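Colleague: Contents of coords.cif (mmCIF, C-alpha atoms) are given next:
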```cif
data_input
#
loop_
_atom_site.label_atom_id
_atom_site.label_comp_id
_atom_site.auth_asym_id
_atom_site.auth_seq_id
_atom_site.Cartn_x
_atom_site.Cartn_y
_atom_site.Cartn_z
CA MET V 1 -9.73 -46.32 -12.81
CA ALA V 2 -10.46 -42.61 -12.38
CA THR V 3 -12.35 -40.96 -15.21
CA SER V 4 -13.00 -37.31 -15.98
CA MET V 5 -14.98 -35.28 -18.46
CA ASP V 6 -14.82 -31.70 -19.72
CA SER V 7 -18.13 -30.77 -21.32
CA ARG V 8 -18.47 -27.47 -23.20
CA SER V 9 -21.35 -26.13 -25.24
CA GLN V 10 -23.36 -29.32 -24.87
CA SER V 11 -27.01 -29.53 -23.92
CA HIS V 12 -27.03 -33.12 -22.67
CA LEU V 13 -24.90 -34.65 -19.94
CA PRO V 14 -24.34 -38.25 -18.86
CA ILE V 15 -26.60 -38.05 -15.80
CA LEU V 16 -26.20 -41.78 -15.21
CA ASN V 17 -22.52 -42.66 -14.87
CA ASN V 18 -21.09 -44.82 -12.12
CA SER V 19 -17.39 -44.37 -12.92
CA LEU V 20 -17.06 -40.60 -13.49
CA GLN V 21 -14.87 -39.00 -10.81
CA GLU V 22 -14.34 -35.48 -12.17
CA LEU V 23 -16.70 -33.39 -14.30
CA LYS V 24 -16.32 -29.86 -15.68
CA THR V 25 -19.16 -28.28 -17.65
CA GLU V 26 -19.68 -24.97 -19.48
CA PHE V 27 -22.97 -23.68 -20.92
CA CYS V 28 -24.83 -26.91 -20.16
CA ASP V 29 -28.49 -27.32 -19.26
CA PHE V 30 -29.57 -29.42 -16.30
CA LEU V 31 -33.12 -30.72 -16.63
CA PRO V 32 -35.20 -30.48 -13.44
CA GLU V 33 -36.76 -33.91 -13.93
CA GLY V 34 -33.45 -35.64 -14.67
CA ARG V 35 -32.29 -38.19 -12.10
CA VAL V 36 -28.58 -37.86 -11.36
CA ASP V 37 -26.45 -40.90 -10.59
CA TRP V 38 -22.83 -39.84 -10.26
CA ARG V 39 -22.02 -42.14 -7.39
CA SER V 40 -18.23 -41.99 -7.96
CA LEU V 41 -17.98 -38.24 -8.66
CA LYS V 42 -15.55 -36.35 -6.40
CA VAL V 43 -14.92 -33.06 -8.24
CA LEU V 44 -17.59 -31.00 -10.01
CA HIS V 45 -17.07 -27.64 -11.75
CA ILE V 46 -20.11 -25.99 -13.36
CA GLY V 47 -19.79 -22.81 -15.41
CA HIS V 48 -22.39 -20.56 -17.06
CA ALA V 49 -25.48 -22.50 -16.06
CA LYS V 50 -29.04 -21.75 -15.01
CA PHE V 51 -30.37 -23.75 -12.08
CA THR V 52 -33.32 -24.28 -9.85
CA ASP V 53 -32.97 -25.38 -6.25
CA GLU V 54 -34.53 -28.71 -7.24
CA VAL V 55 -31.89 -29.34 -9.90
CA MET V 56 -29.07 -28.57 -7.48
CA LYS V 57 -30.67 -30.83 -4.87
CA ASN V 58 -30.76 -33.67 -7.44
CA ILE V 59 -27.09 -33.13 -8.31
CA LEU V 60 -25.98 -33.16 -4.68
CA SER V 61 -28.09 -36.16 -3.68
CA GLY V 62 -26.90 -38.05 -6.76
CA SER V 63 -23.22 -37.38 -5.98
CA PRO V 64 -22.70 -38.91 -2.51
CA LEU V 65 -18.87 -38.91 -2.76
CA LEU V 66 -18.56 -35.29 -3.91
CA GLU V 67 -15.65 -33.50 -2.21
CA SER V 68 -15.25 -30.30 -4.23
CA LEU V 69 -17.87 -28.12 -5.92
CA LYS V 70 -17.18 -24.98 -7.98
CA LEU V 71 -19.93 -22.80 -9.43
CA LYS V 72 -18.90 -20.06 -11.85
CA TYR V 73 -21.22 -17.58 -13.59
CA CYS V 74 -24.31 -19.47 -12.45
CA HIS V 75 -27.75 -18.20 -11.48
CA GLY V 76 -31.09 -19.40 -10.18
CA ILE V 77 -29.87 -21.05 -6.96
CA HIS V 78 -31.24 -19.81 -3.65
CA ARG V 79 -30.07 -22.56 -1.30
CA LEU V 80 -27.18 -24.99 -1.17
CA ASP V 81 -28.00 -27.70 1.34
CA ILE V 82 -24.96 -29.95 1.59
CA ALA V 83 -25.25 -32.46 4.40
CA SER V 84 -22.56 -34.83 3.11
CA LYS V 85 -19.57 -35.34 5.39
CA ARG V 86 -17.37 -35.76 2.31
CA MET V 87 -17.91 -32.24 0.95
CA LYS V 88 -14.81 -30.24 1.92
CA LYS V 89 -14.43 -27.44 -0.63
CA LEU V 90 -16.94 -24.99 -2.12
CA VAL V 91 -16.08 -22.17 -4.55
CA ILE V 92 -18.70 -19.75 -5.82
CA TYR V 93 -17.54 -17.20 -8.38
CA HIS V 94 -19.59 -14.42 -9.92
CA ILE V 95 -23.30 -14.96 -9.37
CA LEU V 96 -25.15 -13.71 -12.46
CA ASP V 97 -27.99 -11.25 -11.97
CA LEU V 98 -30.42 -11.49 -14.89
CA THR V 99 -33.11 -9.32 -13.29
CA GLY V 100 -31.72 -5.98 -14.40
CA GLY V 101 -30.61 -5.14 -10.88
CA GLN V 102 -34.10 -5.45 -9.42
CA ASP V 103 -33.54 -8.69 -7.56
CA ASP V 104 -32.45 -8.49 -3.93
CA SER V 105 -32.28 -12.22 -3.26
CA ALA V 106 -29.93 -14.33 -1.18
CA LEU V 107 -28.03 -17.57 -1.57
CA GLU V 108 -28.17 -19.61 1.63
CA ILE V 109 -25.40 -22.11 2.29
CA PHE V 110 -25.86 -25.00 4.70
CA SER V 111 -22.78 -27.22 4.79
CA PRO V 112 -21.76 -28.23 8.32
CA HIS V 113 -18.80 -30.37 7.21
CA LEU V 114 -17.29 -27.90 4.75
CA GLU V 115 -13.64 -26.98 5.41
CA LYS V 116 -12.79 -24.54 2.60
CA LEU V 117 -15.08 -21.81 1.26
CA LYS V 118 -14.35 -19.20 -1.42
CA ILE V 119 -16.80 -16.41 -2.27
CA LEU V 120 -15.44 -14.56 -5.29
CA GLY V 121 -16.29 -12.09 -8.04
CA SER V 122 -19.33 -9.91 -8.55
CA TRP V 123 -22.59 -10.99 -6.92
CA GLY V 124 -24.80 -8.19 -8.22
CA LYS V 125 -27.40 -7.66 -5.51
CA THR V 126 -27.45 -11.28 -4.34
CA LYS V 127 -26.41 -11.67 -0.71
CA CYS V 128 -24.56 -14.72 0.55
CA LYS V 129 -25.95 -16.06 3.83
CA LEU V 130 -24.04 -18.74 5.69
CA MET V 131 -26.50 -20.82 7.67
CA ASN V 132 -24.12 -23.47 9.01
CA VAL V 133 -20.41 -23.81 8.17
CA SER V 134 -19.33 -24.95 11.61
CA SER V 135 -16.35 -27.04 10.39
CA LEU V 136 -14.82 -24.28 8.29
CA VAL V 137 -11.02 -24.02 8.44
CA SER V 138 -10.28 -21.58 5.62
CA ALA V 139 -12.42 -18.84 4.05
CA VAL V 140 -11.92 -16.41 1.18
CA LEU V 141 -14.10 -13.28 0.94
CA ASP V 142 -13.05 -11.52 -2.24
CA PHE V 143 -16.30 -10.43 -3.83
CA GLN V 144 -18.40 -7.34 -4.35
CA LEU V 145 -22.05 -6.35 -4.41
CA ASP V 146 -23.36 -3.62 -6.67
CA ASN V 147 -23.42 -0.36 -4.76
CA TYR V 148 -24.23 2.31 -7.31
CA GLU V 149 -27.66 3.26 -5.98
CA ARG V 150 -28.95 4.17 -2.56
CA VAL V 151 -30.78 1.18 -1.15
CA SER V 152 -31.96 2.71 2.13
CA SER V 153 -31.82 5.89 4.14
CA ASP V 154 -28.36 4.76 5.21
CA PHE V 155 -26.34 4.36 2.02
CA TYR V 156 -24.11 1.64 3.47
CA GLU V 157 -26.35 -0.26 5.86
CA LYS V 158 -26.95 -3.27 3.61
CA TYR V 159 -23.28 -3.79 2.84
CA ARG V 160 -22.17 -3.42 6.44
CA ASN V 161 -24.68 -6.03 7.53
CA VAL V 162 -23.67 -8.50 4.80
CA ILE V 163 -19.98 -8.41 5.72
CA LYS V 164 -20.61 -8.38 9.45
CA GLU V 165 -22.90 -11.43 9.23
CA LEU V 166 -20.39 -13.33 7.10
CA LEU V 167 -17.57 -12.61 9.55
CA GLU V 168 -19.75 -13.79 12.43
CA LYS V 169 -20.34 -17.12 10.70
CA ILE V 170 -16.65 -17.72 9.90
CA GLN V 171 -15.11 -16.34 13.08
CA HIS V 172 -13.88 -19.83 14.04
CA ALA V 173 -11.99 -20.40 10.74
CA LYS V 174 -8.22 -20.51 11.22
CA GLN V 175 -7.48 -18.59 8.02
CA LEU V 176 -9.25 -15.69 6.33
CA LYS V 177 -8.33 -14.21 2.97
CA ILE V 178 -10.15 -10.96 2.28
CA GLY V 179 -10.24 -8.63 -0.73
CA THR V 180 -10.44 -4.89 -1.30
CA TRP V 181 -14.22 -4.44 -1.50
CA CYS V 182 -14.94 -6.32 1.72
CA THR V 183 -12.13 -4.51 3.54
CA GLU V 184 -13.46 -1.11 2.49
CA VAL V 185 -16.91 -2.06 3.77
CA LEU V 186 -15.22 -2.95 7.07
CA SER V 187 -13.63 0.50 6.96
CA ILE V 188 -17.12 1.98 7.11
CA LEU V 189 -17.88 -0.10 10.20
CA GLU V 190 -14.64 1.02 11.78
CA VAL V 191 -14.96 4.78 11.23
CA LYS V 192 -18.54 4.64 12.50
CA ALA V 193 -17.30 2.83 15.64
CA MET V 194 -19.62 -0.13 15.08
CA ALA V 195 -18.85 -3.47 16.69
CA SER V 196 -17.41 -6.32 14.63
CA PRO V 197 -17.15 -9.99 15.64
CA LEU V 198 -14.05 -11.32 17.36
CA SER V 199 -12.33 -14.28 15.72
CA THR V 200 -9.90 -17.05 16.61
CA ARG V 201 -8.12 -16.94 13.24
CA LYS V 202 -4.40 -17.62 13.18
CA CYS V 203 -3.68 -16.38 9.65
CA LEU V 204 -4.99 -13.31 7.83
CA VAL V 205 -4.35 -12.71 4.12
CA LEU V 206 -5.03 -9.23 2.72
CA ASN V 207 -5.56 -9.65 -1.02
CA PHE V 208 -5.52 -6.10 -2.36
CA ARG V 209 -5.39 -4.87 -5.93
CA TYR V 210 -4.12 -1.54 -4.72
CA PHE V 211 -3.02 -0.13 -1.38
CA LYS V 212 -4.75 3.15 -0.59
CA ASN V 213 -5.91 4.97 2.48
CA TRP V 214 -9.48 3.66 2.64
CA VAL V 215 -8.38 0.11 3.34
CA PHE V 216 -6.66 1.31 6.54
CA PRO V 217 -9.67 1.35 8.90
CA GLY V 218 -10.81 -2.05 7.62
CA VAL V 219 -7.35 -3.53 8.22
CA ALA V 220 -7.32 -2.01 11.72
CA ASN V 221 -10.71 -3.61 12.34
CA LEU V 222 -9.43 -7.03 11.25
CA LEU V 223 -6.27 -6.80 13.36
CA HIS V 224 -8.18 -5.64 16.42
CA ASN V 225 -10.64 -8.53 16.11
CA SER V 226 -7.95 -11.19 15.51
CA PRO V 227 -6.23 -11.34 18.93
CA GLU V 228 -4.76 -14.82 18.26
CA LEU V 229 -3.29 -13.89 14.87
CA GLU V 230 0.15 -15.43 14.27
CA LYS V 231 0.70 -14.76 10.56
CA LEU V 232 -0.19 -11.79 8.36
CA VAL V 233 0.14 -12.00 4.58
CA ILE V 234 -0.24 -8.95 2.32
CA LYS V 235 -0.69 -9.60 -1.41
CA ILE V 236 -0.79 -6.63 -3.75
CA SER V 237 -1.56 -7.39 -7.39
CA TYR V 238 -2.29 -4.33 -9.47
CA GLY V 239 -5.06 -4.51 -12.02
CA ARG V 240 -8.83 -4.30 -12.24
CA SER V 241 -10.10 -3.84 -8.73
CA LEU V 242 -13.23 -4.95 -6.92
CA GLN V 243 -13.45 -1.77 -4.90
CA PHE V 244 -16.28 -0.13 -3.02
CA ASN V 245 -17.92 2.89 -4.60
CA LEU V 246 -17.34 5.20 -1.66
CA ASP V 247 -19.38 8.38 -1.67
CA GLU V 248 -17.23 11.50 -1.67
CA ASN V 249 -19.52 13.26 0.81
CA PHE V 250 -18.90 10.37 3.20
CA THR V 251 -15.12 10.12 2.79
CA ASN V 252 -14.69 13.88 3.20
CA CYS V 253 -15.96 13.54 6.77
CA TYR V 254 -12.91 11.51 7.80
CA ASP V 255 -9.19 12.16 7.70
CA ILE V 256 -7.63 8.87 6.61
CA GLY V 257 -4.07 9.70 5.62
CA GLU V 258 -0.47 8.63 6.14
CA SER V 259 -0.71 9.48 9.83
CA TYR V 260 -3.63 7.10 10.39
CA TRP V 261 -1.50 4.42 12.03
CA THR V 262 0.54 6.75 14.22
CA SER V 263 -2.68 8.23 15.58
CA GLN V 264 -4.13 4.84 16.53
CA ASN V 265 -5.14 4.43 20.16
CA LYS V 266 -6.55 0.92 19.78
CA ILE V 267 -4.94 -2.00 21.56
CA PHE V 268 -4.00 -4.71 19.06
CA ASN V 269 -3.52 -7.83 21.16
CA CYS V 270 -2.22 -9.81 18.20
CA LEU V 271 0.68 -7.36 17.87
CA LEU V 272 1.41 -7.53 21.58
CA LEU V 273 1.24 -11.30 22.02
CA ASN V 274 1.08 -13.47 18.91
CA LEU V 275 2.03 -12.06 15.51
CA LYS V 276 5.32 -13.72 14.56
CA THR V 277 5.40 -13.73 10.75
CA ILE V 278 4.59 -11.11 8.12
CA GLU V 279 4.86 -11.84 4.40
CA ILE V 280 4.41 -9.21 1.69
CA PHE V 281 3.98 -10.13 -1.98
CA SER V 282 3.91 -7.57 -4.75
CA HIS V 283 4.16 -7.53 -8.54
CA GLU V 284 4.73 -3.81 -8.48
CA GLU V 285 8.08 -2.18 -9.13
CA HIS V 286 7.44 0.80 -6.88
CA LEU V 287 5.70 -0.93 -3.96
CA PHE V 288 7.41 1.08 -1.27
CA GLU V 289 7.10 4.31 -3.15
CA ASN V 290 3.45 3.89 -2.15
CA LYS V 291 3.29 6.06 0.96
CA TYR V 292 0.31 4.19 2.38
CA ALA V 293 1.95 0.77 2.09
CA LEU V 294 5.13 2.08 3.67
CA ALA V 295 3.23 3.71 6.55
CA PHE V 296 1.50 0.42 7.35
CA VAL V 297 4.71 -1.64 7.22
CA GLU V 298 6.45 0.84 9.51
CA PHE V 299 3.54 0.62 11.94
CA LEU V 300 3.86 -3.16 12.04
CA LEU V 301 7.60 -3.05 12.70
CA ARG V 302 7.15 -0.50 15.47
CA ASN V 303 4.35 -2.37 17.24
CA ALA V 304 4.65 -6.15 16.67
CA LYS V 305 6.38 -7.08 19.91
CA VAL V 306 6.96 -10.79 19.23
CA LEU V 307 7.62 -10.52 15.49
CA GLU V 308 10.27 -12.94 14.27
CA LYS V 309 10.45 -12.17 10.56
CA MET V 310 9.08 -9.92 7.86
CA VAL V 311 9.68 -11.31 4.37
CA ILE V 312 9.15 -9.07 1.34
CA PHE V 313 8.75 -10.80 -2.02
CA ASN V 314 8.81 -8.68 -5.16
CA ASP V 315 8.23 -10.36 -8.51
CA TYR V 316 9.39 -7.40 -10.55
CA PRO V 317 12.38 -8.69 -12.61
CA PHE V 318 15.57 -8.41 -10.61
CA HIS V 319 17.53 -7.49 -13.74
CA ALA V 320 15.25 -4.51 -14.45
CA PRO V 321 16.95 -1.10 -14.58
CA ASN V 322 17.77 0.27 -11.11
CA LYS V 323 16.02 -2.67 -9.40
CA THR V 324 18.97 -3.31 -7.10
CA ASP V 325 19.23 0.35 -6.15
CA ARG V 326 15.52 0.55 -5.37
CA LEU V 327 15.61 -2.56 -3.20
CA LEU V 328 18.63 -1.22 -1.37
CA LYS V 329 16.83 2.04 -0.60
CA VAL V 330 13.78 0.16 0.65
CA ALA V 331 15.96 -2.08 2.80
CA GLN V 332 17.78 0.90 4.28
CA LYS V 333 14.49 2.63 4.99
CA LEU V 334 12.94 -0.36 6.76
CA LEU V 335 16.10 -1.27 8.64
CA SER V 336 16.17 2.26 10.04
CA VAL V 337 12.69 1.85 11.54
CA PRO V 338 12.83 1.05 15.28
CA ARG V 339 11.51 -2.47 15.85
CA SER V 340 9.45 -3.38 18.86
CA SER V 341 10.67 -6.97 18.73
CA PRO V 342 14.39 -7.48 19.39
CA HIS V 343 14.29 -10.72 17.37
CA ALA V 344 12.63 -9.37 14.21
CA VAL V 345 14.49 -9.68 10.92
CA VAL V 346 13.53 -8.17 7.56
CA LEU V 347 14.28 -10.35 4.54
CA PHE V 348 14.28 -9.56 0.81
CA PRO V 349 14.57 -12.87 -1.10
CA ILE V 350 16.06 -12.39 -4.57
CA PRO V 351 13.82 -13.84 -7.32
CA LYS V 352 15.49 -16.66 -9.24
#
```
Go ahead and express the file in the form of structure tokens.
Modeller:
Amino acid sequence: MATSMDSRSQSHLPILNNSLQELKTEFCDFLPEGRVDWRSLKVLHIGHAKFTDEVMKNILSGSPLLESLKLKYCHGIHRLDIASKRMKKLVIYHILDLTGGQDDSALEIFSPHLEKLKILGSWGKTKCKLMNVSSLVSAVLDFQLDNYERVSSDFYEKYRNVIKELLEKIQHAKQLKIGTWCTEVLSILEVKAMASPLSTRKCLVLNFRYFKNWVFPGVANLLHNSPELEKLVIKISYGRSLQFNLDENFTNCYDIGESYWTSQNKIFNCLLLNLKTIEIFSHEEHLFENKYALAFVEFLLRNAKVLEKMVIFNDYPFHAPNKTDRLLKVAQKLLSVPRSSPHAVVLFPIPK
């Protein structure tokens, strides 16, 4: 019989338990000398905890059937060495920095059988280094590093290298979901004409908390380096944003406006050969009153030669004042855009 436990605000855990299959902890201490025997454990969520590498090693070695590990608001770990073939999912959210911003450490992840990886939240100045994730199928990069001080003669060098190295390690994953901060760092790579790794991904999810001009170059970079892309998903959820602190002196050197896409001279092989489905999700009433979002959607319709369908989901209440009129105007606008694919349809499902 499966058993589970949710432990909050406790200092002692059942480190010897042969039947426990799921464990969630908050604000718990893990003693370095404690032997762990969770031989039936499959799901482990740890929140607000301080670790050492030795403690984490004991937990992993004492949980041979572990399939899913989530670490949230944790600190003190420098290496996750997961050799188990059963480990399939790893989520790391918000690495705490208790050094006052002085630490410039890294968390190394070695997990050759991992299939799903999510790197989320604020990581302070801690870099994530993927040593071996060769079986990865799906990756989420929706995190940020602190970038309020100059860390080298080149303001952005550290951040460019972090994102570039991560993309190199996950280039074989079939799906990538990427957030605003990481995309804006890619924008820096793009405007400086620096090389980025090619990928074999089939699905790209853009998870933005706003849609503004300085995500454009990063999106162009991702499309250019995803020649086998078949599905593009755009999710726009307005709210607190993990965005890059771009220096005004830097941004003033580049003209990234509504005409960015029409001035593109790159060849996007995914648009020529493979992109068949585009899905757009928004909780915003005035999505297509955003000139940047509209410019990008028009670019896709004009250039995706094998596109079969573009589906636009809007969660704003359908019964809201003037909602029908607004949707009709958007539909008329998009339907008037010349489509490169003769088979492309644009759909606006009505929320139930």
Colleague: Determine the nearest neighbour of Lys89 in chain V from the options V:Val55, V:Leu189, V:Ala139, V:Ala49, counting all atoms listed in the file.
Modeller: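 Under the stated criterion, the closest residue is V:Ala139.
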Colleague: Would you mind listing what lies within 6 Å of Leu307 in chain V as an MDAnalysis selection string, with only C-alpha atoms counted and same-chain residues fewer than 5 positions away left out?
Modeller: chainID V and resid 275:276 341 344
Colleague: Residues at most 7 Å from range 310-316 of chain V, counting all atoms listed in the file, excluding those fewer than 6 positions away in the same chain, as a compact mmCIF listing (two decimals) with C-alpha atoms, in the coordinates of the input?
Modeller:
```txt
# COMPACT_ATOMS: atom_id res chain seq x y z
CA THR V 277 5.40 -13.73 10.75
CA ILE V 278 4.59 -11.11 8.12
CA GLU V 279 4.86 -11.84 4.40
CA ILE V 280 4.41 -9.21 1.69
CA PHE V 281 3.98 -10.13 -1.98
CA SER V 282 3.91 -7.57 -4.75
CA HIS V 283 4.16 -7.53 -8.54
CA GLU V 284 4.73 -3.81 -8.48
CA GLU V 285 8.08 -2.18 -9.13
CA VAL V 345 14.49 -9.68 10.92
CA VAL V 346 13.53 -8.17 7.56
CA LEU V 347 14.28 -10.35 4.54
CA PHE V 348 14.28 -9.56 0.81
CA PRO V 349 14.57 -12.87 -1.10
CA PRO V 351 13.82 -13.84 -7.32
```
Colleague: Quote the spacing between CA of Asn245 in chain V and CA of Ala293 in chain V in Å to one decimal place.
Modeller: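 Spanning CA of Asn245 in chain V to CA of Ala293 in chain V is a straight-line distance of 21.1 Å.
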Colleague: I need the output of the PyMOL selection byres ((chain V and resi 254) around 12) for this file as JSON, numbers by chain; which residues are they?
Modeller: {"V": [187, 188, 190, 191, 192, 213, 214, 217, 247, 248, 249, 250, 251, 252, 253, 255, 256, 257, 260]}
Colleague: May I have the residues within 10 Å of Leu80 in chain V as number ranges by chain, using all atoms listed in the file and disregarding those fewer than 4 positions away in the same chain?
Modeller: V: 53, 56-57, 60, 107-111, 130-131
Colleague: Quick one: distance from CA of Asn269 in chain V to CA of Lys164 in chain V in Å, one decimal?
Modeller: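 These two atoms are separated by 20.7 Å.
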Colleague: Can you list, as a PyMOL selection string, every protein, DNA or RNA residue that comes within 9 Å of Pro227 in chain V when you count only C-alpha atoms, leaving out same-chain residues fewer than 3 positions away?
Modeller: chain V and resi 198-202+223-224+230+268-275
Colleague: Just give me the gap between CA of Ile170 in chain V and CA of Arg86 in chain V in Å, one decimal is fine.
Modeller: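 Separation of CA of Ile170 in chain V and CA of Arg86 in chain V: 19.6 Å.
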Colleague: Pull out every residue that the PyMOL selection byres ((chain V and resi 59) around 10) matches in the shown coordinates and put them as a ChimeraX atom specification.
Modeller: /V:15,30,32,34-38,44,53-58,60-64,66
